[in-house]
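Worksheet: the structure to be examined is printed underneath.
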Protein chains: 2
Amino acid sequence: MQETPKASRLHIAILGRRNAGKSSLINALTNQKVALVSDVPGTTTDPVYKAMEILPIGPVMIIDTAGIDDSGCLGTLRVERTMSVLNKADLVIIVLEAESGITQYEKALIEGIKVKKIPIIGVINKTDKITIAAELVMKWSKEFNIPLLPTSVKNSQGIEELKKLIITYAPPDWQGPPVIGDLIQAKDTIILVTPIDSAAPKGRLILPQVQTIRDILDHDGVTIVVKETELKQAIQNLRKLPRLIVTDSQAFERVSAETPSGVMLTSFSILFARHKGDLETLVSGVKNIEKLKPGDTVLIAEACTHHQQADDIGTVKIPRWLQKKVGGELNFEWAAGSHFPEDLSKYSLIIHCGACMLNRKEMLHRLSEVTNKAVPVVNYGILIAYINGILEQALEPFPQIQRILSELN
Amino acid sequence: MQETPKASRLHIAILGRRNAGKSSLINALTNQKVALVSDVPGTTTDPVYKAMEILPIGPVMIIDTAGIDDSGCLGTLRVERTMSVLNKADLVIIVLEAESGITQYEKALIEGIKVKKIPIIGVINKTDKITIAAELVMKWSKEFNIPLLPTSVKNSQGIEELKKLIITYAPPDWQGPPVIGDLIQAKDTIILVTPIDSAAPKGRLILPQVQTIRDILDHDGVTIVVKETELKQAIQNLRKLPRLIVTDSQAFERVSAETPSGVMLTSFSILFARHKGDLETLVSGVKNIEKLKPGDTVLIAEACTHHQQADDIGTVKIPRWLQKKVGGELNFEWAAGSHFPEDLSKYSLIIHCGACMLNRKEMLHRLSEVTNKAVPVVNYGILIAYINGILEQALEPFPQIQRILSELN
């Protein structure tokens with residue numbers, strides 16, 4: 001329970017042939033399993049996600065692809081599996097064997113990764129078995145334009161250097177903008193409004209709320225957490241007005257009515273649309289609900305497979321709102337968990353959840369797939385804010401995006 | 001990430017022979033795996049913990065003992081495994097087969113559970129295979145003084161009745177006292193002080209902090225979350241003083257200095273010592289550190305196996321403090337995770353962690369094992385508060401326990 005959220009970890013994919021020593025390299029990176037936090041076993045051809053601490057890098061998600069490397073050529077299924085891994089990877093480590101070096105297999109892999117613009121670190125492993133000439137390493141490194149590091153897990157050689165390379169090559173923007181930290185100043189008060197409805201699991205806060213509180217703490221702010229029913233009184237008890245109020249989307253209307261003038265209001269969904277994805281793309285898609293006609297097909301995508309409640313937002317509330325608005329039946333399709341359809345062309349609109357279970361890289365990948373097909377996309381929170389007529393207000397902390405919204409037609 | 005904490009779920013152990021249909025009964029209870037939240041596989045002789053939603057009961061932890069039932073008699077190893085399950089179980093369901101009924105095996109099991117004072121529900125399963133006379137069911141029920149319910153998973157018979165029995169027979173006090181809810185009134189402001197040190201995982205709050213915020217929300221209160229560095233300013237910004245300040249134990253001294261007179265101060269550790277265990281027992285143990293002599297053996301027990309930091313509280317800080325106090329070397333032993341020593345007699349003192357990964361039942365079991373052996377026991381937070389001379393103040397919300405402390409010598 002004390003772990004960094006999986007989706008907030010630097011995702012490092014380890015690729016290479018089975019005999020290249022990927023598993024032992026992973027163990028060496030994490031100090032012989034001492035730091036192994038969790039291990040979700042996949043099926044034979046599924047990658048395994050390992051939440052780990054690599055000191056001094058911090059919490060990472062190692063994507064162990066041992067299951068998708070079981071022959072020398074890139075078969076169709078394995079290419080697909082590899083690509084699905086690359087959609088989530090912030091960084092790729094290709095493990096080469098000193099004996100065979102860079103073969104056709106690794107060449108194809110490197111080219112494929114470069115197309116995706118993911119930083120690559122090459123590791124020439126098992127240098128205890130065969131000495132590799134420094135000239136050859138430099139020649140390869142130049143030829144493929146990637147850093148190449150000789151390692152020997154057996155002799156613990158190159159492991160510390162590899163950690164340094166990971167820090168150097170991790171994309172500087174992999175974490176995205178902070179949840180809220182750049183919107184506040186030290187000692188600011190921020191009020192978070194968190195309704196407790198029947199869908200709220202006992203004894204918990206949902207992840208976006210926890211992450212927002214933590215980000216405010218990390219930026220020396222003061223967080224007030226209230227239900228919508230205690231908001232008014234909490235504001236009245238303050239000598240100095242809060243900098244910002246953040247509410248759950250479903251309470252937006254009520255909270256908006258109680259927000260003092262001069263205090264900015266936004267929603268967790270909007271903060272996370274920015275933190276985890278691309279606020280501009282998602283806001284740009286919203287007015288397309290005005291163009292929906294009865295009979296159109298709409299995709300609703302949820303990244304988690306949660307236990308559905310009677311009044312579930314994705315399966316009940318949003319369809320009801322949209323059909324009322326359109327004045328007729330729409331064809332809804334749902335995608336859940338890691339499944340996201342290949343063929344997006346049939347959709348008139350895609351509505352995505354807040355993506356708290358996806359890492360930023362994967363959410364950005366989904367958004368680019370969607371926009372490449374020119375399909376409009378929006379997320380739950382932005383859609384609800386728009387339907388309730390409060391999206392413009394909720395974008396106050398982001399004046400540039402507010403302008404984009406006002407210019408849409 | 002949206003799950004109810006495992007330790008806060010009603011723990012239901014399912015016991016019975018392998019062929020009695022335990023697994024299919026579990027599936028039927030949870031609607032054919034639809035509600036299955038997580039599944040931690042154990043080894044052959046380990047029970048499997050399944051976090052599930054059983055509607056309308058809510059979040060439960062099913063302890064599936066399929067691995068410890070593999071012969072007709074109670075072998076030594078299986079007795080041990082069964083007992084370790086019973087130490088955590090709030091409720092036991094014994095699954096009997098209609099064909100064989102209550103044999104010597106079930107009789108021994110029922111007697112063993114009764115000694116532990118755990119409520120039992122008997123289920124006579126597979127009534128589709130053999131009709132069982134109502135008279136026989138009543139006779140057994142009377143003889144063993146447990147409710148007995150005929151079920152047939154195949155025909156979906158008795159499943160809804162079983163859920164009702166679970167609600168009826170769950171011990172009314174299994175959740176223990178609330179974290180904080182009974183100490184506050186609606187619209188009260190409570191300040192939580194949560195230092196962010198190097199041990200705090202990125203992007204998270206620790207579980208006790210999250211549970212406290214949630215409990216305040218559930219009781220219509222207003223929570224302010226701050227680091228110790230922003231506390232002063234947060235208090236100054238309030239028109240009406242907070243009802244209570246709750247701090248991480250490590251910041252107690254500083255927070256105590258900044259707490260206005262008339263405002264009660266306590267720590268997360270003390271709240272959770274009460275919520276998860278027995279505050280009286282833990283406070284009663286604390287003055288035994290005055291009696292420790294060089295060479296004494298001290299057990300430090302942590303329920304989670306976390307990644308150890310340089311200045312780890314259980315392995316570094318507490319031993320340092322105690323040895324300084326005693327003025328010599330102590331023999332420290334450590335127990336981690338679910339391991340807790342059988343032989344407690346050699347310890348002069350047992351120091352337990354906050355137990356956020358244990359359920360209340362198991363923590364109470366550990367405490368009773370310890371007190372049965374007349375070994376003094378204390379937990380991290382109470383020990384730290386005592387060493388820092390602020391335990392008495394931190395017990396202000398609990399005047400009865402405060403009195404017990406003052407009467408100790």
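Ordered as shown in the structure tokens, chains take letters A, B, and onward, while each chain numbers its residues from 1 and ligands are numbered from 1 in the order shown.
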Please identify which residues in range 177-338 of chain B DSSP calls strand (DSSP E) from the backbone, and express them as an MDAnalysis selection string. chainID B and resid 189:193 222:226 244:247 264:267 297:302 331:336
Hey, could you make a per-residue contact list for chain A against chain B with 6 Å as the cut-off, showing the nearest pair of atoms and its distance in Å to one decimal, counting only C-alpha atoms, sorted by chain and number, as JSON lines?
```
{"residue": "A:Gln2", "atom": "CA", "partner": "B:Ile206", "partner_atom": "CA", "distance": 5.4}
{"residue": "A:Thr4", "atom": "CA", "partner": "B:Pro201", "partner_atom": "CA", "distance": 5.4}
{"residue": "A:Pro201", "atom": "CA", "partner": "B:Thr4", "partner_atom": "CA", "distance": 5.4}
{"residue": "A:Lys202", "atom": "CA", "partner": "B:Thr4", "partner_atom": "CA", "distance": 5.4}
{"residue": "A:Gly203", "atom": "CA", "partner": "B:Gln211", "partner_atom": "CA", "distance": 5.3}
{"residue": "A:Arg204", "atom": "CA", "partner": "B:Thr4", "partner_atom": "CA", "distance": 5.8}
{"residue": "A:Ile206", "atom": "CA", "partner": "B:Gln2", "partner_atom": "CA", "distance": 5.4}
{"residue": "A:Gln211", "atom": "CA", "partner": "B:Gly203", "partner_atom": "CA", "distance": 5.3}
{"residue": "A:Arg214", "atom": "CA", "partner": "B:Gly203", "partner_atom": "CA", "distance": 5.9}
{"residue": "A:Val222", "atom": "CA", "partner": "B:Val226", "partner_atom": "CA", "distance": 5.3}
{"residue": "A:Thr223", "atom": "CA", "partner": "B:Val225", "partner_atom": "CA", "distance": 5.1}
{"residue": "A:Ile224", "atom": "CA", "partner": "B:Ile224", "partner_atom": "CA", "distance": 4.4}
{"residue": "A:Val225", "atom": "CA", "partner": "B:Thr223", "partner_atom": "CA", "distance": 5.1}
{"residue": "A:Val226", "atom": "CA", "partner": "B:Val222", "partner_atom": "CA", "distance": 5.2}
{"residue": "A:Asn237", "atom": "CA", "partner": "B:Arg239", "partner_atom": "CA", "distance": 5.1}
{"residue": "A:Leu238", "atom": "CA", "partner": "B:Leu238", "partner_atom": "CA", "distance": 4.9}
{"residue": "A:Arg239", "atom": "CA", "partner": "B:Asn237", "partner_atom": "CA", "distance": 5.1}
```
Residue list (alpha helix (DSSP H), DSSP) for range 159-312 of chain A, as number ranges by chain: A: 159-169, 207-218, 231-236, 252-258, 268-276, 279-285
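Non-sequential neighbours of Ile93 in chain B (distance at most 8 Å, separation of 5 or more positions within a chain, only C-alpha atoms) are Ile12, Ala13, Ile14, Leu15, Ile120, Ile121, Gly122 and Val123 of chain B.
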Applying 9 Å and only C-alpha atoms, which residues near range 133-149 of chain B remain after dropping the ones on its own chain fewer than 3 positions away? List them as a ChimeraX atom specification. /B:101-102,107,110-111,119-125,158,161-162,165
Selected residues, N, CA, C and O atoms, written as a compact mmCIF listing (two decimals), in the first residue's frame, please.
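Output saved as out.txt:
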```txt
# COMPACT_ATOMS: atom_id res chain seq x y z
N GLY B 101 -21.60 -35.75 5.22
CA GLY B 101 -22.07 -35.05 6.42
C GLY B 101 -20.93 -34.65 7.35
O GLY B 101 -19.81 -34.39 6.91
N ILE B 102 -21.23 -34.61 8.64
CA ILE B 102 -20.23 -34.19 9.62
C ILE B 102 -19.46 -35.41 10.12
O ILE B 102 -19.99 -36.23 10.88
N LYS B 107 -15.78 -32.46 12.89
CA LYS B 107 -15.99 -32.29 14.33
C LYS B 107 -14.77 -31.65 14.99
O LYS B 107 -14.89 -30.70 15.76
N ILE B 110 -14.54 -27.99 14.01
CA ILE B 110 -15.52 -27.14 14.70
C ILE B 110 -15.08 -26.90 16.15
O ILE B 110 -15.13 -25.76 16.63
N GLU B 111 -14.61 -27.93 16.80
CA GLU B 111 -14.17 -27.75 18.19
C GLU B 111 -13.01 -26.75 18.25
O GLU B 111 -12.99 -25.86 19.09
N PRO B 119 -17.03 -17.03 15.05
CA PRO B 119 -18.33 -17.52 14.59
C PRO B 119 -18.19 -18.47 13.40
O PRO B 119 -17.34 -18.26 12.52
N ILE B 120 -19.00 -19.52 13.38
CA ILE B 120 -18.94 -20.54 12.34
C ILE B 120 -20.28 -20.60 11.61
O ILE B 120 -21.33 -20.57 12.25
N ILE B 121 -20.22 -20.71 10.30
CA ILE B 121 -21.41 -21.05 9.52
C ILE B 121 -21.11 -22.38 8.83
O ILE B 121 -20.06 -22.54 8.19
N GLY B 122 -21.99 -23.35 8.99
CA GLY B 122 -21.83 -24.63 8.30
C GLY B 122 -22.64 -24.63 7.02
O GLY B 122 -23.80 -24.18 7.00
N VAL B 123 -22.02 -25.09 5.94
CA VAL B 123 -22.71 -25.17 4.66
C VAL B 123 -22.72 -26.63 4.23
O VAL B 123 -21.66 -27.25 4.17
N ILE B 124 -23.92 -27.19 4.00
CA ILE B 124 -23.99 -28.56 3.48
C ILE B 124 -24.17 -28.44 1.97
O ILE B 124 -25.23 -28.09 1.47
N ASN B 125 -23.07 -28.70 1.27
CA ASN B 125 -23.03 -28.39 -0.17
C ASN B 125 -23.43 -29.61 -1.00
O ASN B 125 -23.53 -30.72 -0.49
N GLY B 158 -29.37 -21.54 -1.99
CA GLY B 158 -28.78 -21.24 -0.69
C GLY B 158 -27.74 -20.14 -0.70
O GLY B 158 -27.27 -19.72 0.35
N GLU B 161 -29.04 -16.92 0.82
CA GLU B 161 -29.21 -17.16 2.25
C GLU B 161 -27.84 -17.13 2.96
O GLU B 161 -27.71 -16.63 4.07
N LEU B 162 -26.84 -17.68 2.30
CA LEU B 162 -25.49 -17.70 2.89
C LEU B 162 -24.98 -16.27 3.10
O LEU B 162 -24.40 -15.95 4.14
N LEU B 165 -26.54 -14.95 6.11
CA LEU B 165 -25.93 -15.53 7.32
C LEU B 165 -24.58 -14.86 7.62
O LEU B 165 -24.23 -14.65 8.77
```
Selection near Glu329 in chain A, 12 Å with only C-alpha atoms, sequence-local residues under 6 positions removed, as a ChimeraX atom specification: /A:292-298,319-323
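Proximity ranking of B:Pro242, B:Pro260, B:Pro47, B:Pro56 relative to Leu86 in chain B places B:Pro47 first, based on only C-alpha atoms.
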Grab the CA of Ala51 in chain A to CA of Ala170 in chain A distance for me, in Å with one decimal place.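 Those two atoms sit 16.9 Å apart.
Of note, CA of Lys325 in chain A and CA of Ala303 in chain A are spaced 25.6 Å apart.
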